[in-house]
Structure formats: structure tokens, C-alpha cells
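What follows is start_17.tsv (TSV, C-alpha atoms).
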chain	number	residue	atom	x	y	z
F	1	MET	CA	-25.92	-13.18	4.43
F	2	PRO	CA	-24.42	-16.34	6.02
F	3	GLY	CA	-20.96	-16.76	4.44
F	4	HIS	CA	-18.59	-19.67	4.20
F	5	SER	CA	-17.25	-20.35	7.69
F	6	SER	CA	-13.60	-20.11	6.60
F	7	ILE	CA	-13.96	-16.78	4.81
F	8	PRO	CA	-14.15	-13.78	7.16
F	9	HIS	CA	-16.84	-11.13	6.77
F	10	GLY	CA	-15.97	-7.47	6.60
F	11	PRO	CA	-17.21	-4.52	8.65
F	12	LEU	CA	-20.92	-3.70	8.64
F	13	SER	CA	-20.47	-0.94	6.04
F	14	PHE	CA	-18.78	-3.40	3.66
F	15	GLU	CA	-21.39	-6.12	4.14
F	16	ASN	CA	-24.20	-3.56	3.69
F	17	LEU	CA	-22.62	-2.52	0.38
F	18	LEU	CA	-22.59	-6.13	-0.89
F	19	GLN	CA	-26.21	-6.62	0.17
F	20	SER	CA	-27.36	-3.32	-1.34
F	21	VAL	CA	-26.19	-4.27	-4.85
F	22	GLY	CA	-27.74	-7.75	-4.65
F	23	LEU	CA	-24.65	-9.98	-4.57
F	24	SER	CA	-25.26	-13.68	-4.12
F	25	GLU	CA	-23.46	-15.34	-1.23
F	26	ARG	CA	-20.98	-16.97	-3.65
F	27	GLU	CA	-20.26	-13.61	-5.30
F	28	ALA	CA	-19.88	-11.99	-1.87
F	29	ASP	CA	-17.42	-14.66	-0.72
F	30	ALA	CA	-15.43	-14.25	-3.94
F	31	VAL	CA	-14.91	-10.50	-3.40
F	32	ARG	CA	-14.27	-10.93	0.35
F	33	THR	CA	-11.26	-13.06	-0.58
F	34	ILE	CA	-9.96	-10.22	-2.76
F	35	VAL	CA	-9.90	-7.83	0.22
F	36	ILE	CA	-7.98	-10.32	2.39
F	37	GLY	CA	-5.40	-10.70	-0.39
F	38	LEU	CA	-6.19	-14.08	-1.97
F	39	THR	CA	-5.89	-14.89	-5.67
F	40	ALA	CA	-8.63	-16.86	-7.39
F	41	ALA	CA	-6.48	-20.00	-7.06
F	42	ASP	CA	-5.96	-19.34	-3.33
F	43	ALA	CA	-9.69	-18.77	-2.77
F	44	ALA	CA	-10.83	-21.80	-4.79
F	45	PRO	CA	-10.24	-24.49	-2.08
F	46	LEU	CA	-11.91	-22.27	0.55
F	47	MET	CA	-15.02	-21.93	-1.62
F	48	GLY	CA	-14.96	-25.53	-2.83
F	49	VAL	CA	-14.89	-24.59	-6.53
F	50	GLY	CA	-12.30	-24.15	-9.30
F	51	ALA	CA	-10.21	-21.01	-9.79
F	52	SER	CA	-12.06	-20.16	-13.01
F	53	THR	CA	-15.39	-20.32	-11.19
F	54	VAL	CA	-14.07	-17.95	-8.53
F	55	GLY	CA	-13.04	-15.61	-11.37
F	56	SER	CA	-16.54	-15.78	-12.85
F	57	TYR	CA	-18.13	-14.96	-9.46
F	58	ARG	CA	-15.79	-11.99	-9.10
F	59	GLN	CA	-16.58	-10.66	-12.57
F	60	ARG	CA	-20.34	-10.85	-11.89
F	61	ALA	CA	-19.84	-9.09	-8.56
F	62	PHE	CA	-17.76	-6.36	-10.26
F	63	GLN	CA	-20.58	-5.71	-12.73
F	64	LYS	CA	-23.09	-5.27	-9.90
F	65	LEU	CA	-20.69	-3.00	-8.02
F	66	GLY	CA	-20.03	-0.87	-11.11
F	67	VAL	CA	-16.30	-1.63	-11.40
F	68	THR	CA	-14.28	-3.50	-14.01
F	69	THR	CA	-11.00	-4.42	-12.34
F	70	ARG	CA	-9.67	-5.74	-9.05
F	71	ALA	CA	-7.84	-2.42	-8.49
F	72	ASP	CA	-11.06	-0.43	-9.01
F	73	PHE	CA	-12.87	-2.69	-6.53
F	74	LEU	CA	-10.20	-2.18	-3.86
F	75	ARG	CA	-10.54	1.60	-4.26
F	76	ILE	CA	-14.21	1.49	-3.18
F	77	PRO	CA	-14.27	3.33	0.21
F	78	GLU	CA	-15.84	0.40	2.08
F	79	CYS	CA	-13.12	-1.94	0.74
F	80	ALA	CA	-10.35	0.52	1.57
F	81	LEU	CA	-11.64	0.87	5.14
F	82	TRP	CA	-11.65	-2.90	5.65
F	83	GLN	CA	-8.12	-3.22	4.21
F	84	GLU	CA	-6.92	-0.48	6.55
F	85	ALA	CA	-8.44	-2.33	9.51
F	86	LEU	CA	-6.77	-5.58	8.39
F	87	CYS	CA	-3.40	-3.80	8.19
F	88	GLN	CA	-3.87	-2.43	11.71
F	89	ASP	CA	-4.74	-5.91	13.00
F	90	ALA	CA	-1.68	-7.38	11.28
F	91	THR	CA	0.62	-4.86	13.04
F	92	GLY	CA	-1.20	-5.08	16.41
F	93	ASP	CA	0.80	-5.39	19.66
F	94	ASP	CA	0.30	-8.34	22.01
F	95	GLU	CA	2.41	-6.58	24.65
F	96	PRO	CA	-0.43	-5.90	27.14
F	97	LEU	CA	-0.86	-9.64	27.70
F	98	GLY	CA	2.90	-9.98	28.18
F	99	ARG	CA	2.95	-7.11	30.67
F	100	ALA	CA	0.02	-8.67	32.55
F	101	LEU	CA	1.95	-11.91	32.95
F	102	GLU	CA	5.40	-10.50	33.78
F	103	PRO	CA	4.91	-9.11	37.33
F	104	GLN	CA	4.14	-12.52	38.80
F	105	PHE	CA	7.17	-14.07	37.08
F	106	HIS	CA	9.36	-11.20	38.26
F	107	ASN	CA	8.20	-11.56	41.87
F	108	ASP	CA	8.76	-15.34	41.85
F	109	ALA	CA	12.26	-14.92	40.43
F	110	GLN	CA	13.06	-12.20	42.97
F	111	ARG	CA	11.98	-14.41	45.86
F	112	ASN	CA	14.19	-17.22	44.56
F	113	THR	CA	17.25	-14.93	44.36
F	114	GLU	CA	16.73	-13.47	47.83
F	115	GLY	CA	17.70	-16.55	49.78
F	116	ASP	CA	14.81	-18.91	48.99
F	117	ASP	CA	16.57	-22.12	47.89
F	118	SER	CA	13.31	-23.91	47.14
F	119	PRO	CA	12.24	-24.60	43.51
F	120	VAL	CA	9.97	-22.20	41.62
F	121	SER	CA	6.76	-21.65	43.55
F	122	ILE	CA	3.97	-24.08	42.78
F	123	LYS	CA	1.70	-21.06	42.28
F	124	SER	CA	3.80	-20.00	39.28
F	125	TYR	CA	3.22	-23.24	37.32
F	126	PRO	CA	-0.26	-22.32	35.96
F	127	LEU	CA	1.08	-18.94	34.89
F	128	LEU	CA	4.09	-20.56	33.23
F	129	PHE	CA	1.81	-22.96	31.39
F	130	LEU	CA	-0.39	-20.06	30.23
F	131	LYS	CA	2.61	-18.14	28.91
F	132	CYS	CA	3.88	-21.20	27.01
F	133	LEU	CA	0.40	-21.74	25.57
F	134	VAL	CA	0.17	-18.13	24.37
F	135	ILE	CA	3.61	-18.35	22.73
F	136	SER	CA	2.67	-21.63	21.02
F	137	LEU	CA	-0.57	-20.16	19.66
F	138	VAL	CA	1.27	-17.12	18.30
F	139	VAL	CA	3.87	-19.32	16.56
F	140	VAL	CA	1.26	-21.65	15.03
F	141	SER	CA	-0.87	-18.72	13.83
F	142	SER	CA	2.16	-17.08	12.24
F	143	VAL	CA	3.10	-20.25	10.38
F	144	VAL	CA	-0.46	-20.70	9.07
F	145	LEU	CA	-0.70	-17.09	7.89
F	146	LEU	CA	2.69	-17.24	6.20
F	147	SER	CA	1.75	-20.45	4.39
F	148	ILE	CA	-1.39	-18.74	3.05
F	149	PHE	CA	-0.02	-15.35	2.05
F	150	LEU	CA	3.53	-16.28	1.00
F	151	ARG	CA	2.78	-19.36	-1.05
F	152	PRO	CA	4.13	-19.09	-4.64
F	153	LYS	CA	1.68	-17.99	-7.30
F	154	PRO	CA	0.24	-20.96	-9.19
F	155	ALA	CA	1.39	-21.64	-12.75
F	156	TYR	CA	-0.81	-20.95	-15.76
F	157	LEU	CA	-3.33	-23.66	-16.60
F	158	ASP	CA	-2.09	-25.93	-19.39
F	159	SER	CA	-5.51	-26.56	-20.95
F	160	PRO	CA	-9.07	-25.17	-20.90
F	161	ASN	CA	-11.07	-25.65	-17.72
F	162	GLY	CA	-14.10	-27.20	-19.39
F	163	PHE	CA	-16.44	-25.42	-21.80
F	164	ILE	CA	-18.84	-22.48	-21.87
F	165	SER	CA	-22.20	-23.00	-23.59
F	166	SER	CA	-23.20	-20.34	-26.12
F	167	ASP	CA	-25.46	-19.77	-29.12
F	168	TYR	CA	-22.44	-20.65	-31.27
F	169	GLY	CA	-21.65	-23.96	-29.57
F	170	ASP	CA	-19.40	-25.02	-26.71
F	171	ILE	CA	-16.50	-22.62	-26.26
F	172	PRO	CA	-13.30	-23.63	-24.39
F	173	ASP	CA	-13.20	-21.97	-20.95
F	174	VAL	CA	-9.66	-20.57	-21.12
F	175	THR	CA	-9.79	-18.74	-17.76
F	176	GLY	CA	-6.45	-19.14	-15.96
F	177	MET	CA	-4.45	-19.98	-19.10
F	178	ARG	CA	-1.65	-17.83	-20.51
F	179	ALA	CA	-3.09	-15.54	-23.21
F	180	ASP	CA	-1.17	-17.06	-26.14
F	181	ALA	CA	-2.15	-20.62	-25.13
F	182	ALA	CA	-5.74	-19.45	-24.58
F	183	ALA	CA	-5.83	-17.87	-28.06
F	184	PHE	CA	-4.50	-21.06	-29.62
F	185	ALA	CA	-7.13	-23.16	-27.83
F	186	LEU	CA	-9.91	-20.88	-29.08
F	187	ALA	CA	-8.56	-20.70	-32.64
F	188	SER	CA	-8.19	-24.50	-32.72
F	189	ALA	CA	-11.91	-24.74	-31.94
F	190	ASP	CA	-12.63	-22.26	-34.81
F	191	TYR	CA	-13.35	-19.27	-32.55
F	192	TYR	CA	-11.71	-15.94	-33.36
F	193	PRO	CA	-9.73	-14.76	-30.28
F	194	GLU	CA	-9.84	-11.11	-29.24
F	195	PHE	CA	-8.31	-9.51	-26.16
F	196	VAL	CA	-8.85	-6.63	-23.77
F	197	PRO	CA	-6.07	-5.68	-21.31
F	198	ARG	CA	-7.07	-5.42	-17.65
F	199	SER	CA	-5.11	-4.10	-14.67
F	200	SER	CA	-4.92	-6.98	-12.22
F	201	LEU	CA	-2.89	-8.35	-9.30
F	202	ASP	CA	-2.78	-11.69	-11.13
F	203	THR	CA	0.34	-12.75	-13.03
F	204	PRO	CA	0.71	-10.69	-16.28
F	205	GLY	CA	-0.58	-12.62	-19.28
F	206	THR	CA	-3.17	-14.59	-17.29
F	207	THR	CA	-6.59	-14.93	-18.93
F	208	LEU	CA	-8.99	-13.54	-16.33
F	209	CYS	CA	-12.28	-14.53	-17.96
F	210	VAL	CA	-14.28	-14.83	-21.17
F	211	SER	CA	-16.11	-11.50	-21.17
F	212	GLU	CA	-17.96	-11.50	-24.51
F	213	ILE	CA	-19.03	-13.81	-27.35
F	214	GLY	CA	-20.41	-12.40	-30.58
F	215	ASP	CA	-21.12	-12.70	-34.28
F	216	MET	CA	-18.11	-12.41	-36.61
F	217	LYS	CA	-19.64	-9.39	-38.36
F	218	ASP	CA	-18.94	-7.47	-35.16
F	219	ALA	CA	-15.36	-8.73	-34.76
F	220	THR	CA	-12.64	-6.09	-34.27
F	221	PRO	CA	-9.23	-6.77	-35.90
F	222	ASP	CA	-7.48	-4.30	-33.57
F	223	ARG	CA	-8.36	-6.50	-30.60
F	224	SER	CA	-6.78	-9.69	-31.99
F	225	ALA	CA	-3.29	-8.81	-30.65
F	226	ILE	CA	-2.05	-8.10	-27.12
F	227	ALA	CA	1.27	-7.67	-25.31
F	228	TRP	CA	2.12	-7.96	-21.63
F	229	GLU	CA	5.23	-8.13	-19.49
F	230	GLY	CA	7.06	-11.23	-20.67
F	231	GLY	CA	4.91	-12.18	-23.67
F	232	SER	CA	2.58	-11.24	-26.50
F	233	VAL	CA	0.08	-12.57	-29.04
F	234	SER	CA	0.22	-11.41	-32.66
F	235	GLY	CA	-2.98	-10.52	-34.50
F	236	TYR	CA	-5.25	-13.09	-36.07
F	237	ASN	CA	-6.60	-12.86	-39.61
F	238	LEU	CA	-10.32	-12.13	-39.85
F	239	SER	CA	-10.68	-14.24	-42.98
F	240	GLY	CA	-11.43	-17.84	-42.30
F	241	ASP	CA	-14.24	-20.12	-41.25
F	242	TRP	CA	-14.67	-18.68	-37.74
F	243	LYS	CA	-17.82	-19.65	-35.80
F	244	ALA	CA	-17.82	-16.47	-33.67
F	245	TYR	CA	-15.44	-14.10	-31.92
F	246	VAL	CA	-14.55	-14.60	-28.25
F	247	LEU	CA	-13.30	-11.65	-26.19
F	248	ILE	CA	-11.10	-12.53	-23.23
F	249	ASP	CA	-9.78	-10.26	-20.47
F	250	VAL	CA	-6.02	-10.53	-19.94
F	251	ALA	CA	-4.01	-9.33	-16.92
F	252	VAL	CA	-1.30	-6.82	-17.85

Kindly present the structure from the file in C-alpha cells form.
Amino acid sequence: MPGHSSIPHGPLSFENLLQSVGLSEREADAVRTIVIGLTAADAAPLMGVGASTVGSYRQRAFQKLGVTTRADFLRIPECALWQEALCQDATGDDEPLGRALEPQFHNDAQRNTEGDDSPVSIKSYPLLFLKCLVISLVVVSSVVLLSIFLRPKPAYLDSPNGFISSDYGDIPDVTGMRADAAAFALASADYYPEFVPRSSLDTPGTTLCVSEIGDMKDATPDRSAIAWEGGSVSGYNLSGDWKAYVLIDVAV
């Protein structure tokens, strides 16, 4: 499966798992970014789509993999093995290269302190340049990685990210919004909002996706209220001229 050039592939066992369950390349890229620690908003510019679309790809991939949450996905053995390898790479030691360079520098310095008043040997200049180049590359790589992994989490979306077509009409795509704002947007469009809490690494209260749309005769009053760290949504009344119910997954 040829992936996006800026998104790394995992070990063979991981890639075989994705292929065995029939993931599309977009779905595969979406879950690869989970393993390397990116949120949907972080992954969106790499994939050239919106954060909500990344979330939709991930949800479809989860269904094919037989999991329901990000945490469940990361517990899959092939995912855990890749994460362990990434951790080992992140704590790797570049010392062998340093040790390979040091003897020549030590010998040059020793010759200069043993009565040789001439400047540093011309032979040492290429080695000095190489050492400076290695240090520069390490510094630049560190800055790039820090800017990716330590960037602040994005704020909730203020408004729906377009619409989702359904048998009941166009439904606001509230993925990425805070749950109470998402519920208001749905109710304002005459859709009855229901919620299901999901364990997630996303900010608590974030709407992860629209997971179900159905006839009002199947609506469940107990699912019209939800609470999370730092906020809550009170229940909605079933009576009213609702077009359909919309179930949304919310990070808690």
C-alpha cells in the first residue's frame, strides 16, 4: 500500500494487519498517525483533508479492526510493538558517531599542545565540518519534532464542518465541536441529539464523530444527556417536531 510520503509506515507486522482487514490507503494513513501520536487536527494537514474527515477515516478503520476507541486500537499487539519501537528510537544514543569522530580531534589537539605552534592541521578541517554538520542536523531535527509533538491542542470548532447527507435530510457535521455546542447545532436543525461517551486522547467534551442516525421511534431518552470533565449537556425532551435522532460520540 503506497502511503502518503510524509506519514511513516509501521513494521511489516503492522502493515500486514492493515492490509488483512481491507483498510483503504486513507484509512491506513489515518491510523498510522494515531500510533505516532498525532491528533486528528495534527494529522489533517499531512493528509490534505479536514480534521473531521480524518476522524471519519479513523472510525471506519476502527470498525474494520474490530475496536471502538483510540485506546483499544493502541492495545492491538501490532500497534503496541510499533509504539515500543518508536520509544526506543526516541531514546536512542548517537554516541557511537561521536566516539568515531573524537580520536582524530584528540590527536590533533595533542599535537598542538606538544610544541607544534602551527594552526590546527588542515587535515582536521573536513572532520570539523562533519561534526558541525551532525550537530546542526540534530538541533534542527529536535526543533521540528518539538514543534509537532508539543504544539498546543487546537480549540473546539465553533460551528459545524459542513453537512452529512442522510435519509432525513442534511445533518450538521458537528465533529470537532464541544458536545454542548454540537447538541445545540443539531437541535437547531430539528435533530434530536443523543450521546455516547468514548475514551479518547482528545480533549474531554470533543465530539469525535456522528456514529448513528435513526428514526425518532427508536430514540433513547437516557442518551440525551452527558457529562465530561469541565462540562455537561442536560437531557433533551423527546416531545417535539424532531426529524430524526443523531447519535454522536463524545470524548470523556

Report the closest atom pair, with its distance in Å rounded to one decimal, for each residue of range 20-98 of chain F that has an atom no farther than 8 Å from range 203-223 of chain F; count only C-alpha atoms, sort by chain and then rising residue number, and write it as a tab-separated table.
residue	atom	partner	partner_atom	distance
F:Ser52	CA	F:Cys209	CA	7.5
F:Gly55	CA	F:Cys209	CA	6.7
F:Ser56	CA	F:Cys209	CA	6.8
F:Gln59	CA	F:Cys209	CA	7.9

(request) Using CA of Ile36 in chain F and CA of Gly176 in chain F as the two end points, give the distance in Å to one decimal. (result) 20.4 Å

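Near (-12.7, -9.9, 3.0), the residues inside the 10 Å limit, counting all atoms listed in the file, come to Ile7, Pro8, His9, Gly10, Pro11, Phe14, Glu15, Ala28, Asp29, Ala30, Val31, Arg32, Thr33, Ile34, Val35, Ile36, Gly37, Leu38, Cys79, Trp82, Gln83 and Leu86 of chain F.
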
(message) One number please: CA of Leu238 in chain F to CA of Tyr192 in chain F, in Å, one decimal.
(response) 7.7 Å

(message) Just checking: using all atoms listed in the file, which residue out of F:Leu128, F:Lys243, F:Trp228, F:Ala51 ends up closest to Phe195 in chain F?
(response)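 For Phe195 in chain F, the nearest of the candidates is F:Trp228.
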
(request) Could you check how far CA of Ser165 in chain F sits from CA of Ile248 in chain F, in Å to one decimal? (result)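 These atoms are spaced 15.3 Å apart.
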
(message) I want to know what sits within 12 Å of Asp180 in chain F, based on only C-alpha atoms, with residues of the same chain fewer than 5 positions away left out; could you give that as JSON, numbers by chain?
(response) {"F": [156, 157, 158, 159, 174, 185, 186, 187, 193, 194, 195, 204, 205, 206, 207, 224, 225, 226, 227, 228, 230, 231, 232, 233, 234, 235, 236, 248, 250]}

(request) Using all atoms listed in the file, find the one residue out of F:Val196, F:Ala155, F:Ala80, F:Cys87 that sits nearest to Ala41 in chain F. (result)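 Nearest candidate to Ala41 in chain F out of F:Val196, F:Ala155, F:Ala80, F:Cys87: F:Ala155.
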